[in-house]
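Everything below belongs to coords_28.txt, which stores compact mmCIF, C-alpha atoms.
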```txt
# COMPACT_ATOMS: atom_id res chain seq x y z
CA MET P 1 106.35 37.34 18.46
CA ARG P 2 102.54 37.35 18.48
CA LEU P 3 102.52 40.76 16.85
CA VAL P 4 104.75 39.46 14.05
CA GLN P 5 102.55 36.36 13.57
CA SER P 6 99.40 38.50 13.53
CA SER P 7 100.96 40.88 11.04
CA LEU P 8 102.03 38.02 8.77
CA LEU P 9 98.57 36.46 8.95
CA ALA P 10 96.92 39.78 8.11
CA PHE P 11 99.36 40.31 5.23
CA GLY P 12 98.60 36.81 3.91
CA ILE P 13 94.86 37.45 4.03
CA ILE P 14 95.27 40.75 2.20
CA VAL P 15 97.46 39.21 -0.50
CA PHE P 16 95.12 36.24 -0.94
CA SER P 17 91.98 38.36 -1.09
CA SER P 18 93.52 40.90 -3.48
CA THR P 19 94.41 38.19 -5.99
CA ALA P 20 91.27 36.10 -5.51
CA TRP P 21 88.80 38.90 -6.13
CA GLY P 22 89.60 39.62 -9.79
CA ILE P 23 89.34 38.19 -13.25
CA LYS P 24 92.31 39.20 -15.40
CA GLU P 25 92.34 39.74 -19.14
CA PRO P 26 95.72 38.16 -20.01
CA GLU P 27 96.74 40.19 -23.07
CA THR P 28 96.24 43.67 -21.57
CA GLY P 29 96.75 42.70 -17.92
CA ARG P 30 93.57 44.57 -16.93
CA THR P 31 91.77 43.08 -13.92
CA PHE P 32 88.05 43.32 -13.23
CA PRO P 33 86.10 42.32 -10.10
CA ASN P 34 84.67 38.78 -10.13
CA THR P 35 81.23 40.09 -9.17
CA THR P 36 79.11 43.18 -9.74
CA THR P 37 75.47 44.15 -9.60
CA CYS P 38 73.31 43.90 -12.68
CA GLY P 39 69.65 44.84 -12.61
CA GLY P 40 69.89 45.15 -8.84
CA ALA P 41 71.05 41.54 -8.40
CA GLN P 42 74.44 39.86 -8.16
CA ALA P 43 76.22 39.01 -11.40
CA LYS P 44 79.41 37.03 -11.94
CA ALA P 45 82.20 37.45 -14.45
CA ALA P 46 81.51 34.94 -17.21
CA GLY P 47 84.45 35.77 -19.47
CA VAL P 48 87.10 38.30 -20.51
CA GLY P 49 88.67 39.30 -23.80
CA VAL P 50 90.32 42.09 -25.71
CA ARG P 51 89.17 44.31 -28.56
CA GLU P 52 91.90 44.66 -31.15
CA ALA P 53 91.99 47.17 -33.98
CA THR P 54 93.81 46.79 -37.28
CA PHE P 55 97.28 45.24 -37.06
CA GLY P 56 96.57 43.73 -33.62
CA ILE P 57 96.58 47.00 -31.68
CA ASP P 58 94.75 46.54 -28.35
CA VAL P 59 91.87 48.99 -27.84
CA TYR P 60 90.19 47.78 -24.66
CA ALA P 61 89.87 44.85 -22.29
CA VAL P 62 86.33 43.61 -21.85
CA VAL P 63 84.50 41.53 -19.26
CA LEU P 64 81.00 40.11 -19.55
CA TYR P 65 78.96 39.61 -16.39
CA ALA P 66 75.83 37.47 -16.20
CA SER P 67 73.26 37.54 -13.43
CA ASP P 68 72.88 34.31 -11.48
CA LYS P 69 69.48 33.78 -13.18
CA ALA P 70 71.18 33.81 -16.60
CA ALA P 71 73.48 30.88 -15.72
CA GLY P 72 73.40 28.21 -18.42
CA GLN P 73 71.49 30.43 -20.86
CA SER P 74 72.55 32.00 -24.15
CA VAL P 75 73.74 35.60 -23.70
CA ARG P 76 72.07 36.64 -26.95
CA SER P 77 68.63 35.26 -26.11
CA THR P 78 68.31 35.72 -22.35
CA SER P 79 66.19 38.53 -20.94
CA GLU P 80 68.12 38.22 -17.66
CA CYS P 81 70.69 40.88 -16.85
CA ILE P 82 73.97 40.97 -18.79
CA LYS P 83 76.63 43.65 -18.18
CA ILE P 84 79.62 44.39 -20.36
CA ARG P 85 82.49 46.57 -19.11
CA ALA P 86 85.17 47.80 -21.48
CA ARG P 87 88.33 49.34 -19.97
CA PHE P 88 90.33 51.21 -22.61
CA VAL P 89 94.07 50.73 -22.97
CA ARG P 90 94.48 53.76 -25.28
CA ASP P 91 92.72 57.03 -26.10
CA VAL P 92 90.04 56.64 -28.79
CA GLY P 93 88.09 59.45 -30.46
CA ALA P 94 84.34 59.63 -30.02
CA ASP P 95 83.86 59.65 -33.80
CA LYS P 96 85.63 56.27 -34.09
CA ILE P 97 83.57 54.82 -31.24
CA ARG P 98 80.29 56.07 -32.78
CA ALA P 99 81.29 54.68 -36.19
CA ALA P 100 82.10 51.26 -34.70
CA TRP P 101 78.75 51.17 -32.87
CA LEU P 102 76.83 52.17 -36.00
CA LYS P 103 78.57 49.47 -38.03
CA GLY P 104 77.70 46.85 -35.39
CA PHE P 105 74.10 48.04 -35.10
CA LYS P 106 73.66 47.99 -38.89
CA LYS P 107 74.92 44.36 -39.01
CA ASN P 108 72.24 43.58 -36.42
CA GLY P 109 69.31 45.28 -38.18
CA LEU P 110 69.30 48.68 -36.45
CA SER P 111 69.70 51.94 -38.34
CA ALA P 112 71.40 55.11 -37.17
CA SER P 113 68.01 56.82 -37.13
CA ASP P 114 66.45 54.32 -34.70
CA PRO P 115 65.49 56.35 -31.60
CA THR P 116 67.03 53.78 -29.24
CA VAL P 117 70.35 53.96 -31.12
CA THR P 118 70.24 57.77 -31.10
CA LYS P 119 69.63 57.82 -27.35
CA PHE P 120 72.30 55.17 -26.67
CA LEU P 121 74.90 57.13 -28.65
CA GLY P 122 73.85 60.42 -27.03
CA VAL P 123 76.38 60.01 -24.21
CA VAL P 124 79.32 59.41 -26.58
CA GLY P 125 80.43 63.02 -26.61
CA GLY P 126 84.16 63.03 -26.10
CA GLU P 127 87.36 61.11 -26.61
CA MET P 128 87.53 57.96 -24.50
CA LYS P 129 90.65 58.24 -22.38
CA LYS P 130 93.06 55.42 -21.51
CA ASN P 131 92.02 53.54 -18.32
CA ARG P 132 88.45 54.88 -18.49
CA GLU P 133 85.43 52.63 -18.95
CA MET P 134 82.35 52.18 -21.04
CA VAL P 135 79.62 50.01 -19.47
CA MET P 136 76.52 48.52 -21.08
CA GLU P 137 73.89 46.82 -18.92
CA MET P 138 71.06 44.97 -20.69
CA HIS P 139 68.05 43.65 -18.77
CA GLY P 140 64.99 42.69 -20.78
CA SER P 141 64.12 45.74 -22.90
CA LYS P 142 66.15 48.18 -20.81
CA VAL P 143 69.69 49.28 -21.69
CA ILE P 144 71.91 51.42 -19.45
CA HIS P 145 74.96 52.93 -21.14
CA LYS P 146 77.72 54.60 -19.10
CA TYR P 147 80.42 56.49 -20.96
CA MET P 148 83.09 58.74 -19.41
CA GLY P 149 80.94 59.62 -16.39
CA LYS P 150 77.70 60.11 -18.36
CA THR P 151 74.79 57.68 -18.12
CA VAL P 152 71.74 57.15 -20.29
CA THR P 153 68.89 54.68 -19.74
CA VAL P 154 67.07 53.48 -22.85
CA THR P 155 63.73 51.76 -22.25
CA GLY P 156 61.65 49.86 -24.79
CA ALA P 157 64.95 48.78 -26.30
CA ALA P 158 64.69 45.00 -26.68
CA LYS P 159 66.16 45.16 -30.22
CA LEU P 160 69.02 47.37 -29.03
CA ALA P 161 69.78 44.98 -26.14
CA ARG P 162 69.82 41.99 -28.51
CA ALA P 163 72.06 43.88 -30.94
CA LEU P 164 74.56 44.82 -28.22
CA LYS P 165 74.76 41.24 -26.99
CA SER P 166 75.10 39.96 -30.57
CA ILE P 167 77.87 42.44 -31.35
CA TYR P 168 79.98 40.94 -28.56
CA THR P 169 78.92 37.29 -28.71
CA GLY P 170 77.80 36.71 -32.30
CA SER P 171 79.75 35.76 -35.38
CA GLY P 172 82.14 38.53 -36.35
CA SER P 173 82.56 39.62 -32.72
CA PRO P 174 85.22 42.32 -32.27
CA THR P 175 86.28 40.38 -29.15
CA PRO P 176 86.85 36.76 -30.25
CA GLU P 177 88.89 36.04 -27.11
CA LEU P 178 85.78 36.87 -25.06
CA LEU P 179 83.84 34.22 -26.98
CA LYS P 180 86.56 31.63 -26.34
CA ASP P 181 86.65 32.49 -22.64
CA LEU P 182 82.84 32.33 -22.31
CA LYS P 183 82.89 28.85 -23.82
CA LYS P 184 85.81 27.75 -21.63
CA ARG P 185 84.26 28.97 -18.38
CA GLY P 186 80.82 27.63 -19.31
CA MET P 187 78.72 29.86 -17.03
CA VAL P 188 76.67 31.13 -19.98
CA ARG P 189 76.63 30.33 -23.68
CA PRO P 190 77.37 32.98 -26.31
```

If you convert what's in this file into structure tokens, what do you get?
Amino acid sequence: MRLVQSSLLAFGIIVFSSTAWGIKEPETGRTFPNTTTCGGAQAKAAGVGVREATFGIDVYAVVLYASDKAAGQSVRSTSECIKIRARFVRDVGADKIRAAWLKGFKKNGLSASDPTVTKFLGVVGGEMKKNREMVMEMHGSKVIHKYMGKTVTVTGAAKLARALKSIYTGSGSPTPELLKDLKKRGMVRP
């Protein structure tokens, strides 16, 4: 009897902890951890959303993490660490990803010839596969971009960091559900 009770208790703990640890993007069903590291410190999930292409086709689920020091601040203006993880729900060609980035950077005052943009896009070399991730970590003037197992660190990139944060949290965001969720949760402001 004790063995059964112990087993049931252990099962209950496992079930509780497996559902309590994640933040779920409702449209795609993708779940992300509630916490991560950002700039070497703890960061918490501040909101989730989905990137949709033309005709409402889901491209990726996205989560935005903010370091504890960024709590209450605007994502776009803070120099504290912000991390964005995008988990793709379909295969997308590198050319389409590069074109989307260049369009977003142009809207935010950065040209394709800017050395920080060139370095950032340098890791976008192949088709993004379904269930793979792209991660952008912005801390002050440093940007870390992870794409399909490749990583690049761009320093002296304060304008690039601001542009990335504005792409996701500014007007015309490709992830409007992320903006709504950030406002609802209230940990940080867009």

Would you tabulate, counting all atoms listed in the file, all residues of segment 86-183 of chain P that have an atom at most 8 Å from an atom of segment 35-52 of chain P, showing the closest pair of atoms and their distance in Å to one decimal, sorted by chain then ascending number, as a tab-separated table?
```
residue	atom	partner	partner_atom	distance
P:Glu137	CA	P:Cys38	CA	6.9
P:His139	CA	P:Gly39	CA	6.5
P:Pro174	CA	P:Arg51	CA	5.8
P:Thr175	CA	P:Arg51	CA	4.9
P:Pro176	CA	P:Gly49	CA	7.2
P:Glu177	CA	P:Gly49	CA	4.7
P:Leu178	CA	P:Gly49	CA	4.0
P:Leu179	CA	P:Gly47	CA	7.7
P:Asp181	CA	P:Gly47	CA	5.1
P:Leu182	CA	P:Gly47	CA	4.7
```

Among listed residues P:Ala61, P:Ile82, P:Lys24, P:Asp95, nearest Val143 of chain P (using only C-alpha atoms)
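Distance minimum relative to Val143 of chain P lands on P:Ile82.
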
Best match for closeness to Val154 of chain P among P:Ile167, P:Val117, P:Ile84, P:Val89, counting only C-alpha atoms
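For Val154 of chain P, the nearest of the given residues is P:Val117.
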
Which one of P:Gly104, P:Gly29, P:Gly140, P:Gly125 sits closest to Phe88 of chain P if you count only C-alpha atoms?
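Looking only at the distances to Phe88 of chain P, the closest residue turns out to be P:Gly29.
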
Find the residues near Thr118 of chain P: any atom within 12 Å, counting all atoms listed in the file, skip ones fewer than 3 places away on the same chain, and give them as a PyMOL selection string.
chain P and resi 98+101-102+105+110-115+121-124+152-154+157+160

What does the distance from atom CA of Gly156 of chain P to atom CA of Ser141 of chain P come to in Å, to one decimal?
5.2 Å

Go ahead and compute the interatomic distance for atom CA of Lys184 of chain P and atom CA of Ala71 of chain P, in Å to one decimal.
14.0 Å

Go through P:Arg30, P:Lys69, P:Arg87, P:Lys146 one by one, measure the shortest atom-to-atom distance of each to Asn131 of chain P using all atoms listed in the file, and give the residue with the smallest value.
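The closest residue to Asn131 of chain P is P:Arg87.
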
With 8 Å of padding per side, what axis-aligned box (centre and edge lengths, Å, one decimal) covers all the listed atoms of segment 142-157 of chain P? Give it as AutoDock Vina command-line options.
```
--center_x 72.4 --center_y 54.1 --center_z -21.3 --size_x 37.4 --size_y 27.9 --size_z 25.9
```

I need the residue nearest Glu127 of chain P from this list: P:Ala94, P:Tyr147, P:Lys103, P:Gly109. Use only C-alpha atoms for the distance.
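Residue with the minimum atom-to-atom distance to Glu127 of chain P: P:Ala94.
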
Please indicate the distance in Å from atom CA of Glu133 of chain P to atom CA of Tyr60 of chain P, rounded to one decimal place.
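So the answer is 8.9 Å.
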
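Minimum atom-to-atom distances from P:Met128, P:Ala70, P:Ala53, P:Met136 to Tyr168 of chain P were compared using all atoms listed in the file, and the lowest value belongs to P:Met136.
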
Kindly provide, as a list in words, the polymer residues lying within 8 Å of (85.9, 38.9, -10.3), counting only C-alpha atoms and using the coordinates exactly as they appear in the file.
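These residues have at least one counted atom within 8 Å: Ala20, Trp21, Gly22, Ile23, Phe32, Pro33, Asn34, Thr35, Lys44 and Ala45 of chain P.
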
Once N, CA and C atoms are restored for segment 83-95 of chain P, what would the output be as a PDB file, keeping the file's coordinate frame?
```
ATOM      1  N   LYS P  83      75.874  42.385 -18.249  1.00  0.00           N
ATOM      2  CA  LYS P  83      76.630  43.650 -18.180  1.00  0.00           C
ATOM      3  C   LYS P  83      77.971  43.445 -18.866  1.00  0.00           C
ATOM      4  N   ILE P  84      78.340  44.423 -19.680  1.00  0.00           N
ATOM      5  CA  ILE P  84      79.620  44.390 -20.360  1.00  0.00           C
ATOM      6  C   ILE P  84      80.390  45.652 -19.963  1.00  0.00           C
ATOM      7  N   ARG P  85      81.608  45.452 -19.466  1.00  0.00           N
ATOM      8  CA  ARG P  85      82.490  46.570 -19.110  1.00  0.00           C
ATOM      9  C   ARG P  85      83.704  46.539 -20.020  1.00  0.00           C
ATOM     10  N   ALA P  86      84.011  47.674 -20.611  1.00  0.00           N
ATOM     11  CA  ALA P  86      85.170  47.800 -21.480  1.00  0.00           C
ATOM     12  C   ALA P  86      86.108  48.840 -20.875  1.00  0.00           C
ATOM     13  N   ARG P  87      87.326  48.432 -20.526  1.00  0.00           N
ATOM     14  CA  ARG P  87      88.330  49.340 -19.970  1.00  0.00           C
ATOM     15  C   ARG P  87      89.383  49.591 -21.054  1.00  0.00           C
ATOM     16  N   PHE P  88      89.479  50.839 -21.478  1.00  0.00           N
ATOM     17  CA  PHE P  88      90.330  51.210 -22.610  1.00  0.00           C
ATOM     18  C   PHE P  88      91.807  51.210 -22.228  1.00  0.00           C
ATOM     19  N   VAL P  89      92.626  50.764 -23.178  1.00  0.00           N
ATOM     20  CA  VAL P  89      94.070  50.730 -22.970  1.00  0.00           C
ATOM     21  C   VAL P  89      94.761  51.820 -23.803  1.00  0.00           C
ATOM     22  N   ARG P  90      93.964  52.632 -24.502  1.00  0.00           N
ATOM     23  CA  ARG P  90      94.480  53.760 -25.280  1.00  0.00           C
ATOM     24  C   ARG P  90      93.351  54.779 -25.447  1.00  0.00           C
ATOM     25  N   ASP P  91      93.718  56.003 -25.804  1.00  0.00           N
ATOM     26  CA  ASP P  91      92.720  57.030 -26.100  1.00  0.00           C
ATOM     27  C   ASP P  91      92.085  56.715 -27.455  1.00  0.00           C
ATOM     28  N   VAL P  92      90.759  56.889 -27.539  1.00  0.00           N
ATOM     29  CA  VAL P  92      90.040  56.640 -28.790  1.00  0.00           C
ATOM     30  C   VAL P  92      89.019  57.768 -28.980  1.00  0.00           C
ATOM     31  N   GLY P  93      89.002  58.348 -30.155  1.00  0.00           N
ATOM     32  CA  GLY P  93      88.090  59.450 -30.460  1.00  0.00           C
ATOM     33  C   GLY P  93      86.639  59.005 -30.466  1.00  0.00           C
ATOM     34  N   ALA P  94      85.775  59.910 -30.057  1.00  0.00           N
ATOM     35  CA  ALA P  94      84.340  59.630 -30.020  1.00  0.00           C
ATOM     36  C   ALA P  94      83.797  59.287 -31.399  1.00  0.00           C
ATOM     37  N   ASP P  95      84.331  59.924 -32.445  1.00  0.00           N
ATOM     38  CA  ASP P  95      83.860  59.650 -33.800  1.00  0.00           C
ATOM     39  C   ASP P  95      84.141  58.201 -34.195  1.00  0.00           C
TER      40      ASP P  95
END
```
